[in-house]
Structure formats: structure tokens, C-alpha cells
Amino acid sequence: RYQTLGALWEHGDFALISEVFEIQNLDEGYTNNANGWYTSLQYRLGKFTPYCVAGQFTDNFNEEMEDDIQASYAIVPVGYYAALDDLRATSLAVVSGLNYEQNTWTVGVRYELLSNLSLKGEWQHFEFAYGSSGQMLQQTGDATQSTSLTTFVLDLVF
């Protein structure tokens, strides 16, 4: 089940855009539930549109998978087969790494090159909760709780 609700309010050169969403899966196998929101404030200055965005995203992986891995310890105890111990430890680390929460702040500017072509430059700051890296990939051993990203994008509508 995927649900979303969005709104756009414009007043003169100002625009306020907001959206909230929720994804609910069957909680079977390799599935997750997610929810989030964002709000963007924009101001048009001719061909330029500076904007700022605040958002939040949470992803919760199927908890039954972790329970199944933990239950395997009752069937084959720790130390009985070293390769299985390594596999379970790795699997638990992967599963727990799939649960995350991040808050994001963005500031940027859009420049309209043509009616269907624009150039955007933006700076995003991400903050991660629960020791995760949110939707960003970490290098092994990196325990960063926040990071920033600068992007330049060419948008073409056809």
C-alpha cells in the first residue's frame, strides 16, 4: 500500500509545496515500511528560483527477518559451525543497517534556460539517526552522523 498527499500553494512569486507519504508492505521476507515528508518554499525572480526544502524519511525493514535469524541460534548454537556464525552475524548487521531515519535540509537555485530546460545547483545536509547512514552509502567503519552533498542538475522536460 502506497499513500501520498501533496499540496501546492502559490501567492504571487512565492510557492509552498509539501508532500507526505507512507508505504506499508506485507511484512514478509525482504520488505520494508517507509514514511516521510518534505516542505519546500520557493521564490521566483525572473528566470531564477531560489528555494529551500526540509524533509524527513524513515525506513523500517521487516522485523520478522531479524527474529528468524535470531531463532536459528536455538537450532544451531554459536560455535557449532564457524561459517554459519559468520553468516548470521553478517546477516544481522545487514538487516539492522536497513533500518534508518534521516532529516534533510536543502538550499538551491533553479535557472530556467528554456521553457523545458533548467539548471539547478543545490546544497543538501543530511542528519542520520540510530547510527545509520540513511539513504547514503558509507565506507566501512565510517560512523558519520551527518554529511553534505552539493549537486548540479540539468533538468529536461520532453
# chains A, B, ... in the order shown; residues from 1 in each chain; ligands from 1
>>> select_by_dssp(residues="region 27-156 of chain A", states="strand (DSSP E or B)", output="MDAnalysis selection string")
chainID A and resid 32:43 45 48:61 100:114 117:129 146:156
>>> residues_around(residues="Phe57 (chain A)", least_positions_apart="3", cutoff="10 Å", atoms="only C-alpha atoms", output="MDAnalysis selection string")
chainID A and resid 20:22 34:38 100:104 128 134:135
>>> residues_around(residues="Glu66 (chain A)", least_positions_apart="3", cutoff="10 Å", atoms="only C-alpha atoms", output="number ranges by chain")
A: 61-63, 69-71, 88, 91-96
>>> write_last_selection(atoms="C-alpha atoms", output="CSV table (one decimal), in the first residue's frame")
chain,number,residue,atom,x,y,z
A,61,PHE,CA,12.9,-3.2,7.5
A,62,ASN,CA,10.8,-6.4,8.1
A,63,GLU,CA,11.5,-7.2,11.8
A,69,ILE,CA,18.0,-15.1,12.2
A,70,GLN,CA,18.0,-14.9,16.0
A,71,ALA,CA,15.8,-18.1,16.2
A,88,ARG,CA,24.4,-14.9,10.9
A,91,SER,CA,23.1,-11.0,8.0
A,92,LEU,CA,22.1,-9.3,11.3
A,93,ALA,CA,24.4,-6.4,10.5
A,94,VAL,CA,22.9,-6.0,7.0
A,95,VAL,CA,19.3,-6.2,8.3
A,96,SER,CA,19.9,-3.7,11.1
>>> select_by_dssp(residues="chain A", states="alpha helix (DSSP H)", output="NGL selection string")
:A and (63-75 or 82-97)
>>> residues_around(residues="Gln42 (chain A)", least_positions_apart="6", cutoff="8 Å", atoms="only C-alpha atoms", output="list in words")
Phe14, Ala15, Leu16, Thr49, Pro50, Tyr51 and Cys52 of chain A
>>> residues_around(residues="Leu119 (chain A)", least_positions_apart="2", cutoff="12 Å", atoms="only C-alpha atoms", output="list of chain:residue names")
A:Lys47, A:Phe48, A:Thr49, A:Pro50, A:Gly108, A:Val109, A:Arg110, A:Tyr111, A:Glu112, A:Leu113, A:Leu114, A:Ser115, A:Asn116, A:Leu117, A:Gly121, A:Glu122, A:Thr151, A:Phe152, A:Val153, A:Leu154, A:Asp155, A:Leu156, A:Val157
>>> residues_around(residues="Trp105 (chain A)", least_positions_apart="6", cutoff="9 Å", atoms="only C-alpha atoms", output="PyMOL selection string")
chain A and resi 52-56+123-127
>>> write_last_selection(atoms="C-alpha atoms", output="PDB file, in the first residue's frame")
ATOM      1  CA  CYS A  52      14.784  25.755   0.496  1.00  0.00           C
ATOM      2  CA  VAL A  53      13.481  22.341   1.490  1.00  0.00           C
ATOM      3  CA  ALA A  54      13.129  20.477   4.787  1.00  0.00           C
ATOM      4  CA  GLY A  55      12.318  16.773   4.859  1.00  0.00           C
ATOM      5  CA  GLN A  56      12.371  13.571   6.862  1.00  0.00           C
ATOM      6  CA  TRP A 123      23.441  22.007  -1.283  1.00  0.00           C
ATOM      7  CA  GLN A 124      21.888  19.297   0.899  1.00  0.00           C
ATOM      8  CA  HIS A 125      22.658  18.473   4.504  1.00  0.00           C
ATOM      9  CA  PHE A 126      21.665  15.047   5.867  1.00  0.00           C
ATOM     10  CA  GLU A 127      21.438  14.062   9.538  1.00  0.00           C
TER      11      GLU A 127
END
